[in-house]
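Enquirer: Pasting run_4.cif below, which is mmCIF, C-alpha atoms and all ligand atoms.
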```cif
data_input
loop_
_atom_site.group_PDB
_atom_site.id
_atom_site.type_symbol
_atom_site.label_atom_id
_atom_site.label_comp_id
_atom_site.auth_asym_id
_atom_site.auth_seq_id
_atom_site.Cartn_x
_atom_site.Cartn_y
_atom_site.Cartn_z
ATOM 1 C CA MET B 731 -6.453 -5.575 2.488
ATOM 2 C CA GLN B 732 -8.893 -3.362 0.676
ATOM 3 C CA ASN B 733 -12.136 -4.152 2.440
ATOM 4 C CA THR B 734 -14.164 -1.405 3.998
ATOM 5 C CA SER B 735 -13.882 -2.658 7.549
ATOM 6 C CA GLY B 736 -10.101 -2.830 7.287
ATOM 7 C CA ARG B 737 -9.962 0.713 6.053
ATOM 8 C CA ALA B 738 -12.257 1.900 8.817
ATOM 9 C CA TRP B 739 -10.017 0.143 11.337
ATOM 10 C CA CYS B 740 -6.975 1.888 9.892
ATOM 11 C CA LEU B 741 -8.631 5.271 10.067
ATOM 12 C CA GLY B 742 -9.816 4.555 13.599
ATOM 13 C CA MET B 743 -6.337 3.594 14.730
ATOM 14 C CA LEU B 744 -4.886 6.726 13.190
ATOM 15 C CA CYS B 745 -7.393 8.826 15.102
ATOM 16 C CA LEU B 746 -6.536 6.991 18.323
ATOM 17 C CA LEU B 747 -2.905 7.801 17.739
ATOM 18 C CA GLY B 748 -3.757 11.456 17.446
ATOM 19 C CA LEU B 749 -2.980 11.726 13.773
ATOM 20 C CA CYS B 750 -4.832 14.005 11.429
ATOM 21 C CA LEU B 751 -6.303 12.664 8.229
ATOM 22 C CA VAL B 752 -7.533 15.330 5.852
ATOM 23 C CA GLY B 753 -10.080 14.115 3.359
ATOM 24 C CA ARG B 754 -11.343 11.255 5.462
ATOM 25 C CA GLY B 755 -14.004 9.370 3.580
ATOM 26 C CA GLN B 756 -12.976 11.059 0.355
ATOM 27 C CA THR B 757 -10.858 9.896 -2.521
ATOM 28 C CA THR B 758 -7.665 11.556 -1.321
ATOM 29 C CA ILE B 759 -5.943 10.983 2.005
ATOM 30 C CA THR B 760 -3.427 13.558 3.198
ATOM 31 C CA LEU B 761 -1.207 12.525 6.081
ATOM 32 C CA SER B 762 0.035 15.185 8.456
ATOM 33 C CA SER B 763 2.914 14.798 10.906
ATOM 34 C CA THR B 764 3.038 11.403 12.552
ATOM 35 C CA THR B 765 5.411 8.724 13.763
ATOM 36 C CA TYR B 766 4.894 5.001 13.197
ATOM 37 C CA LEU B 767 6.359 3.114 16.121
ATOM 38 C CA SER B 768 8.269 -0.158 16.187
ATOM 39 C CA GLY B 769 5.859 -3.096 16.093
ATOM 40 C CA GLU B 770 3.145 -1.044 14.469
ATOM 41 C CA THR B 771 1.509 -2.481 11.339
ATOM 42 C CA GLU B 772 -0.627 -0.189 9.243
ATOM 43 C CA THR B 773 -2.298 -0.354 5.840
ATOM 44 C CA ILE B 774 -3.783 2.769 4.323
ATOM 45 C CA ASN B 775 -5.818 2.582 1.126
ATOM 46 C CA ALA B 776 -7.232 5.487 -0.860
ATOM 47 C CA PRO B 777 -9.386 5.352 -4.013
ATOM 48 C CA LEU B 778 -7.247 7.986 -5.758
ATOM 49 C CA THR B 779 -4.276 9.468 -3.941
ATOM 50 C CA ILE B 780 -2.275 9.402 -0.745
ATOM 51 C CA THR B 781 0.010 12.318 -0.024
ATOM 52 C CA THR B 782 1.867 13.858 2.865
ATOM 53 C CA ALA B 783 1.131 17.441 3.809
ATOM 54 C CA SER B 784 3.848 19.784 2.593
ATOM 55 C CA GLN B 785 6.836 19.771 4.939
ATOM 56 C CA SER B 786 5.069 17.389 7.324
ATOM 57 C CA SER B 787 7.115 15.037 9.453
ATOM 58 C CA VAL B 788 6.121 11.434 8.756
ATOM 59 C CA ILE B 789 8.562 8.957 10.283
ATOM 60 C CA VAL B 790 8.457 5.185 9.906
ATOM 61 C CA ASN B 791 10.636 3.785 12.697
ATOM 62 C CA PRO B 792 12.633 0.539 12.531
ATOM 63 C CA GLY B 793 10.323 -2.405 13.248
ATOM 64 C CA ALA B 794 7.217 -0.696 11.832
ATOM 65 C CA LYS B 795 5.435 -2.183 8.810
ATOM 66 C CA ILE B 796 3.487 0.382 6.799
ATOM 67 C CA THR B 797 1.737 0.019 3.446
ATOM 68 C CA PHE B 798 0.206 2.816 1.398
ATOM 69 C CA SER B 799 -1.908 1.845 -1.612
ATOM 70 C CA ALA B 800 -3.833 4.244 -3.828
ATOM 71 C CA GLY B 801 -5.562 4.023 -7.180
ATOM 72 C CA LEU B 802 -3.728 6.894 -8.810
ATOM 73 C CA SER B 803 -0.627 7.994 -6.930
ATOM 74 C CA VAL B 804 1.280 8.046 -3.668
ATOM 75 C CA THR B 805 3.204 11.285 -3.185
ATOM 76 C CA LEU B 806 5.574 11.700 -0.253
ATOM 77 C CA ASN B 807 6.741 15.242 0.325
ATOM 78 C CA PRO B 808 10.033 16.241 1.954
ATOM 79 C CA GLY B 809 9.822 15.334 5.625
ATOM 80 C CA PHE B 810 8.825 11.725 4.998
ATOM 81 C CA HIS B 811 11.371 9.266 6.404
ATOM 82 C CA ALA B 812 11.234 5.480 6.269
ATOM 83 C CA LEU B 813 14.150 4.611 8.558
ATOM 84 C CA SER B 814 16.466 1.655 8.092
ATOM 85 C CA GLY B 815 14.908 -1.506 9.525
ATOM 86 C CA SER B 816 11.338 -0.492 8.769
ATOM 87 C CA VAL B 817 9.146 -2.118 6.145
ATOM 88 C CA PHE B 818 7.512 0.520 4.015
ATOM 89 C CA ARG B 819 5.639 -0.188 0.817
ATOM 90 C CA ALA B 820 3.813 2.245 -1.408
ATOM 91 C CA SER B 821 2.040 1.150 -4.531
ATOM 92 C CA VAL B 822 -0.521 2.155 -7.113
ATOM 93 C CA ASP B 823 -3.425 -0.243 -7.582
ATOM 94 C CA SER B 824 -5.418 1.280 -10.439
ATOM 95 C CA ASP B 825 -8.213 -1.291 -10.496
ATOM 96 C CA HIS B 826 -8.428 -1.768 -6.719
ATOM 97 C CA ASP B 827 -8.219 -5.540 -6.941
ATOM 98 C CA GLY B 828 -5.642 -5.748 -4.173
ATOM 99 C CA ILE B 829 -2.651 -6.305 -6.477
ATOM 100 C CA PRO B 830 -0.335 -3.366 -7.296
ATOM 101 C CA ASP B 831 0.017 -2.370 -10.942
ATOM 102 C CA ALA B 832 3.702 -3.312 -11.147
ATOM 103 C CA TRP B 833 3.063 -6.871 -9.906
ATOM 104 C CA GLU B 834 0.176 -7.242 -12.358
ATOM 105 C CA VAL B 835 2.297 -6.120 -15.307
ATOM 106 C CA ALA B 836 5.153 -8.409 -14.240
ATOM 107 C CA HIS B 837 2.751 -11.364 -14.172
ATOM 108 C CA GLN B 838 0.822 -10.632 -17.384
ATOM 109 C CA LEU B 839 -2.316 -9.419 -15.614
ATOM 110 C CA ASN B 840 -4.251 -6.283 -16.546
ATOM 111 C CA PRO B 841 -3.752 -3.411 -14.072
ATOM 112 C CA ASN B 842 -7.050 -1.950 -15.286
ATOM 113 C CA ASP B 843 -9.123 -5.110 -14.930
ATOM 114 C CA GLY B 844 -10.254 -5.748 -11.366
ATOM 115 C CA THR B 845 -11.542 -9.252 -12.144
ATOM 116 C CA ASP B 846 -8.245 -10.916 -13.022
ATOM 117 C CA ALA B 847 -7.080 -11.076 -9.405
ATOM 118 C CA THR B 848 -9.549 -13.916 -8.849
ATOM 119 C CA LEU B 849 -8.277 -15.989 -11.778
ATOM 120 C CA THR B 850 -6.428 -19.116 -10.716
ATOM 121 C CA ASP B 851 -2.962 -20.236 -11.706
ATOM 122 C CA SER B 852 -1.719 -23.754 -12.433
ATOM 123 C CA ASN B 853 -1.740 -24.514 -8.710
ATOM 124 C CA GLY B 854 -5.395 -23.535 -8.373
ATOM 125 C CA ARG B 855 -4.396 -20.518 -6.333
ATOM 126 C CA THR B 856 -5.777 -17.065 -7.186
ATOM 127 C CA TYR B 857 -3.333 -14.441 -8.336
ATOM 128 C CA LEU B 858 -4.434 -12.281 -5.414
ATOM 129 C CA LEU B 859 -3.491 -15.035 -2.967
ATOM 130 C CA SER B 860 -0.140 -15.546 -4.703
ATOM 131 C CA TYR B 861 0.566 -11.838 -4.350
ATOM 132 C CA GLN B 862 -0.513 -11.773 -0.699
ATOM 133 C CA LEU B 863 1.635 -14.828 0.080
ATOM 134 C CA GLY B 864 4.601 -13.357 -1.771
ATOM 135 C CA VAL B 865 4.956 -16.350 -4.084
ATOM 136 C CA GLU B 866 5.174 -16.566 -7.824
ATOM 137 C CA PRO B 867 1.952 -17.706 -9.536
ATOM 138 C CA GLY B 868 2.174 -21.386 -10.386
ATOM 139 C CA HIS B 869 5.178 -21.922 -8.117
ATOM 140 C CA ALA B 870 5.710 -22.616 -4.458
ATOM 141 C CA SER B 871 8.943 -20.685 -4.208
ATOM 142 C CA ILE B 872 9.093 -17.422 -2.335
ATOM 143 C CA SER B 873 9.659 -14.297 -4.368
ATOM 144 C CA ASN B 874 10.084 -10.733 -3.306
ATOM 145 C CA PRO B 875 7.352 -8.707 -5.021
ATOM 146 C CA SER B 876 8.001 -5.750 -2.755
ATOM 147 C CA GLN B 877 11.037 -4.983 -4.873
ATOM 148 C CA THR B 878 8.872 -4.399 -7.921
ATOM 149 C CA GLN B 879 5.901 -2.549 -6.484
ATOM 150 C CA LEU B 880 7.445 0.596 -5.137
ATOM 151 C CA ASN B 881 5.864 3.539 -6.869
ATOM 152 C CA VAL B 882 6.692 6.646 -4.919
ATOM 153 C CA HIS B 883 6.980 10.208 -6.147
ATOM 154 C CA VAL B 884 9.173 12.515 -4.089
ATOM 155 C CA PRO B 885 8.936 16.105 -5.362
ATOM 156 C CA ASN B 886 12.104 18.157 -5.477
HETATM 157 CA CA CA B 901 -4.549 -4.086 -9.358
HETATM 158 CA CA CA B 902 -6.080 -6.422 -12.239
#
```
Would you write out, as structure tokens, the structure that this file holds?
Ligand SMILES: [Ca+2]
Ligand SMILES: [Ca+2]

Expert:
Amino acid sequence: MQNTSGRAWCLGMLCLLGLCLVGRGQTTITLSSTTYLSGETETINAPLTITTASQSSVIVNPGAKITFSAGLSVTLNPGFHALSGSVFRASVDSDHDGIPDAWEVAHQLNPNDGTDATLTDSNGRTYLLSYQLGVEPGHASISNPSQTQLNVHVPN
């Protein structure tokens, strides 16, 4: 989810869709007006921050699956709309190990240690894989980590 080629693919797709990314290749990604269509799946990672341009219109339509992950913050200004029926996740991943801070804290990992994602649980599965599969470490049951990883700041 955080590899370079995946990020390049995301940026390439955004350009194909006619979107404007300010700060491309830098530590901050600013999204201008765009619409994510039904069936579209997108993951955007930034080393530090992801934000929407002030008063931009960013719409996530029903059926779209969009994930924003940044090392410091994700800030969505007025004009951002994740419509009912879409899957939108925004999270802070301080150590860039692929696991959001909130999930790490909830599972006794260190959100500032990028090596713990590769540790294995009692099933021999890495914590990163457990997170990606949406299962609890050491268990086969399905959990819902998306409910604990939302970290979105919406300015007044
Ligand atoms: Ca992490
Ligand atoms: Ca970690």

Enquirer: Excluding same-chain residues fewer than 3 positions from stretch 779-786 of chain B, what lies within 9 Å of it counting only C-alpha atoms, as a VMD selection string?

Expert: chain B and resid 757 to 764 774 to 776 798 to 810 822

Enquirer: In Å, how far is it from atom CA of B:Thr773 to atom CA of B:Thr856?

Expert: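 Going from atom CA of B:Thr773 over to atom CA of B:Thr856, I get 21.5 Å.
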
Enquirer: Return as a list of chain:residue names the residues of protein, DNA or RNA that approach ligand CA 901 (chain B) to within 8 Å, with only C-alpha atoms and all ligand atoms taken into account.

Expert: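 Those residues are B:Val822, B:Asp823, B:Ser824, B:Asp825, B:His826, B:Asp827, B:Gly828, B:Ile829, B:Pro830, B:Asp831, B:Glu834, B:Asn840, B:Pro841, B:Asn842, B:Asp843, B:Gly844, B:Ala847.
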
Enquirer: My list of candidates is B:Asp851, B:Ser787, B:Arg819, B:Ala794. Which is closest to B:Tyr766 when distances are computed with all atoms listed in the file?

Expert: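 Selected residue with least distance to B:Tyr766: B:Ala794.
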
Enquirer: Residues proximal to (6.8, -1.2, 20.0) were defined as those with any atom within 10 Å of that point in the file's coordinates, counting only C-alpha atoms. Which are they, as a PyMOL selection string?

Expert: chain B and resi 766-770+791-794

Enquirer: Deliver the residues from the most recent selection as a file, using C-alpha atoms, as a PDB file, keeping the file's coordinate frame.

Expert:
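The result, stored in selection30.pdb:
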```pdb
ATOM      1  CA  TYR B 766       4.894   5.001  13.197  1.00  0.00           C
ATOM      2  CA  LEU B 767       6.359   3.114  16.121  1.00  0.00           C
ATOM      3  CA  SER B 768       8.269  -0.158  16.187  1.00  0.00           C
ATOM      4  CA  GLY B 769       5.859  -3.096  16.093  1.00  0.00           C
ATOM      5  CA  GLU B 770       3.145  -1.044  14.469  1.00  0.00           C
ATOM      6  CA  ASN B 791      10.636   3.785  12.697  1.00  0.00           C
ATOM      7  CA  PRO B 792      12.633   0.539  12.531  1.00  0.00           C
ATOM      8  CA  GLY B 793      10.323  -2.405  13.248  1.00  0.00           C
ATOM      9  CA  ALA B 794       7.217  -0.696  11.832  1.00  0.00           C
TER      10      ALA B 794
END
```

Enquirer: Could you jot down the atom CA of B:Ser852 to atom CA of B:Ser821 separation for me, Å, one decimal place?

Expert: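 Atom CA of B:Ser852 sits 26.4 Å away from atom CA of B:Ser821.
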
Enquirer: Using only C-alpha atoms and all ligand atoms, pick whichever of B:Ala836, B:Ala812, B:Ile789, B:Ile796 has the shortest atom-to-atom distance to ligand CA 902 (chain B).

Expert: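 Among the listed residues, B:Ala836 lies closest to ligand CA 902 (chain B).
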
Enquirer: Between B:Val865, B:Leu778, B:Leu849, B:Val817, which has the minimum distance to ligand CA 902 (chain B) (counting only C-alpha atoms and all ligand atoms)?

Expert: B:Leu849

Enquirer: Can you tell me how far atom CA of B:Gln838 sits from atom CA of B:Leu863, in Å to one decimal?

Expert: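 About the pair atom CA of B:Gln838 and atom CA of B:Leu863: they are 18.0 Å apart.
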
Enquirer: Please rebuild stretch 803-828 of chain B with N, CA and C atoms and return the result as a PDB file, in the frame of the given file.

Expert:
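Saved file part.pdb follows:
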```pdb
ATOM      1  N   SER B 803      -2.008   7.653  -7.255  1.00  0.00           N
ATOM      2  CA  SER B 803      -0.627   7.994  -6.930  1.00  0.00           C
ATOM      3  C   SER B 803      -0.405   8.055  -5.423  1.00  0.00           C
ATOM      4  N   VAL B 804       0.832   7.849  -5.049  1.00  0.00           N
ATOM      5  CA  VAL B 804       1.280   8.046  -3.668  1.00  0.00           C
ATOM      6  C   VAL B 804       2.405   9.066  -3.743  1.00  0.00           C
ATOM      7  N   THR B 805       2.213  10.212  -3.125  1.00  0.00           N
ATOM      8  CA  THR B 805       3.204  11.285  -3.185  1.00  0.00           C
ATOM      9  C   THR B 805       3.692  11.593  -1.780  1.00  0.00           C
ATOM     10  N   LEU B 806       4.990  11.470  -1.573  1.00  0.00           N
ATOM     11  CA  LEU B 806       5.574  11.700  -0.253  1.00  0.00           C
ATOM     12  C   LEU B 806       6.441  12.942  -0.328  1.00  0.00           C
ATOM     13  N   ASN B 807       6.024  13.973   0.353  1.00  0.00           N
ATOM     14  CA  ASN B 807       6.741  15.242   0.325  1.00  0.00           C
ATOM     15  C   ASN B 807       7.970  15.195   1.223  1.00  0.00           C
ATOM     16  N   PRO B 808       8.877  16.161   1.055  1.00  0.00           N
ATOM     17  CA  PRO B 808      10.033  16.241   1.954  1.00  0.00           C
ATOM     18  C   PRO B 808       9.564  16.253   3.405  1.00  0.00           C
ATOM     19  N   GLY B 809      10.242  15.498   4.240  1.00  0.00           N
ATOM     20  CA  GLY B 809       9.822  15.334   5.625  1.00  0.00           C
ATOM     21  C   GLY B 809       9.406  13.905   5.906  1.00  0.00           C
ATOM     22  N   PHE B 810       9.148  13.132   4.827  1.00  0.00           N
ATOM     23  CA  PHE B 810       8.825  11.725   4.998  1.00  0.00           C
ATOM     24  C   PHE B 810      10.122  10.935   5.145  1.00  0.00           C
ATOM     25  N   HIS B 811      10.178  10.073   6.174  1.00  0.00           N
ATOM     26  CA  HIS B 811      11.371   9.266   6.404  1.00  0.00           C
ATOM     27  C   HIS B 811      10.979   7.840   6.764  1.00  0.00           C
ATOM     28  N   ALA B 812      11.354   6.894   5.920  1.00  0.00           N
ATOM     29  CA  ALA B 812      11.234   5.480   6.269  1.00  0.00           C
ATOM     30  C   ALA B 812      12.630   5.043   6.710  1.00  0.00           C
ATOM     31  N   LEU B 813      12.821   4.854   8.012  1.00  0.00           N
ATOM     32  CA  LEU B 813      14.150   4.611   8.558  1.00  0.00           C
ATOM     33  C   LEU B 813      14.592   3.180   8.314  1.00  0.00           C
ATOM     34  N   SER B 814      15.887   2.978   8.298  1.00  0.00           N
ATOM     35  CA  SER B 814      16.466   1.655   8.092  1.00  0.00           C
ATOM     36  C   SER B 814      15.914   0.679   9.117  1.00  0.00           C
ATOM     37  N   GLY B 815      15.471  -0.505   8.629  1.00  0.00           N
ATOM     38  CA  GLY B 815      14.908  -1.506   9.525  1.00  0.00           C
ATOM     39  C   GLY B 815      13.393  -1.487   9.557  1.00  0.00           C
ATOM     40  N   SER B 816      12.797  -0.504   8.887  1.00  0.00           N
ATOM     41  CA  SER B 816      11.338  -0.492   8.769  1.00  0.00           C
ATOM     42  C   SER B 816      10.953  -1.209   7.471  1.00  0.00           C
ATOM     43  N   VAL B 817       9.676  -1.564   7.380  1.00  0.00           N
ATOM     44  CA  VAL B 817       9.146  -2.118   6.145  1.00  0.00           C
ATOM     45  C   VAL B 817       8.107  -1.143   5.645  1.00  0.00           C
ATOM     46  N   PHE B 818       8.439  -0.462   4.571  1.00  0.00           N
ATOM     47  CA  PHE B 818       7.512   0.520   4.015  1.00  0.00           C
ATOM     48  C   PHE B 818       7.263   0.202   2.557  1.00  0.00           C
ATOM     49  N   ARG B 819       5.986   0.083   2.202  1.00  0.00           N
ATOM     50  CA  ARG B 819       5.639  -0.188   0.817  1.00  0.00           C
ATOM     51  C   ARG B 819       4.589   0.811   0.362  1.00  0.00           C
ATOM     52  N   ALA B 820       4.795   1.353  -0.801  1.00  0.00           N
ATOM     53  CA  ALA B 820       3.813   2.245  -1.408  1.00  0.00           C
ATOM     54  C   ALA B 820       3.572   1.769  -2.824  1.00  0.00           C
ATOM     55  N   SER B 821       2.317   1.666  -3.203  1.00  0.00           N
ATOM     56  CA  SER B 821       2.040   1.150  -4.531  1.00  0.00           C
ATOM     57  C   SER B 821       0.769   1.763  -5.095  1.00  0.00           C
ATOM     58  N   VAL B 822       0.687   1.730  -6.406  1.00  0.00           N
ATOM     59  CA  VAL B 822      -0.521   2.155  -7.113  1.00  0.00           C
ATOM     60  C   VAL B 822      -1.282   0.911  -7.544  1.00  0.00           C
ATOM     61  N   ASP B 823      -2.546   0.869  -7.203  1.00  0.00           N
ATOM     62  CA  ASP B 823      -3.425  -0.243  -7.582  1.00  0.00           C
ATOM     63  C   ASP B 823      -4.610   0.351  -8.331  1.00  0.00           C
ATOM     64  N   SER B 824      -4.439   0.530  -9.635  1.00  0.00           N
ATOM     65  CA  SER B 824      -5.418   1.280 -10.439  1.00  0.00           C
ATOM     66  C   SER B 824      -6.813   0.674 -10.410  1.00  0.00           C
ATOM     67  N   ASP B 825      -6.890  -0.667 -10.418  1.00  0.00           N
ATOM     68  CA  ASP B 825      -8.213  -1.291 -10.496  1.00  0.00           C
ATOM     69  C   ASP B 825      -8.733  -1.780  -9.142  1.00  0.00           C
ATOM     70  N   HIS B 826      -7.983  -1.462  -8.084  1.00  0.00           N
ATOM     71  CA  HIS B 826      -8.428  -1.768  -6.719  1.00  0.00           C
ATOM     72  C   HIS B 826      -8.729  -3.252  -6.507  1.00  0.00           C
ATOM     73  N   ASP B 827      -7.974  -4.117  -7.162  1.00  0.00           N
ATOM     74  CA  ASP B 827      -8.219  -5.540  -6.941  1.00  0.00           C
ATOM     75  C   ASP B 827      -7.291  -6.134  -5.885  1.00  0.00           C
ATOM     76  N   GLY B 828      -6.509  -5.274  -5.254  1.00  0.00           N
ATOM     77  CA  GLY B 828      -5.642  -5.748  -4.173  1.00  0.00           C
ATOM     78  C   GLY B 828      -4.237  -6.078  -4.627  1.00  0.00           C
TER      79      GLY B 828
END
```
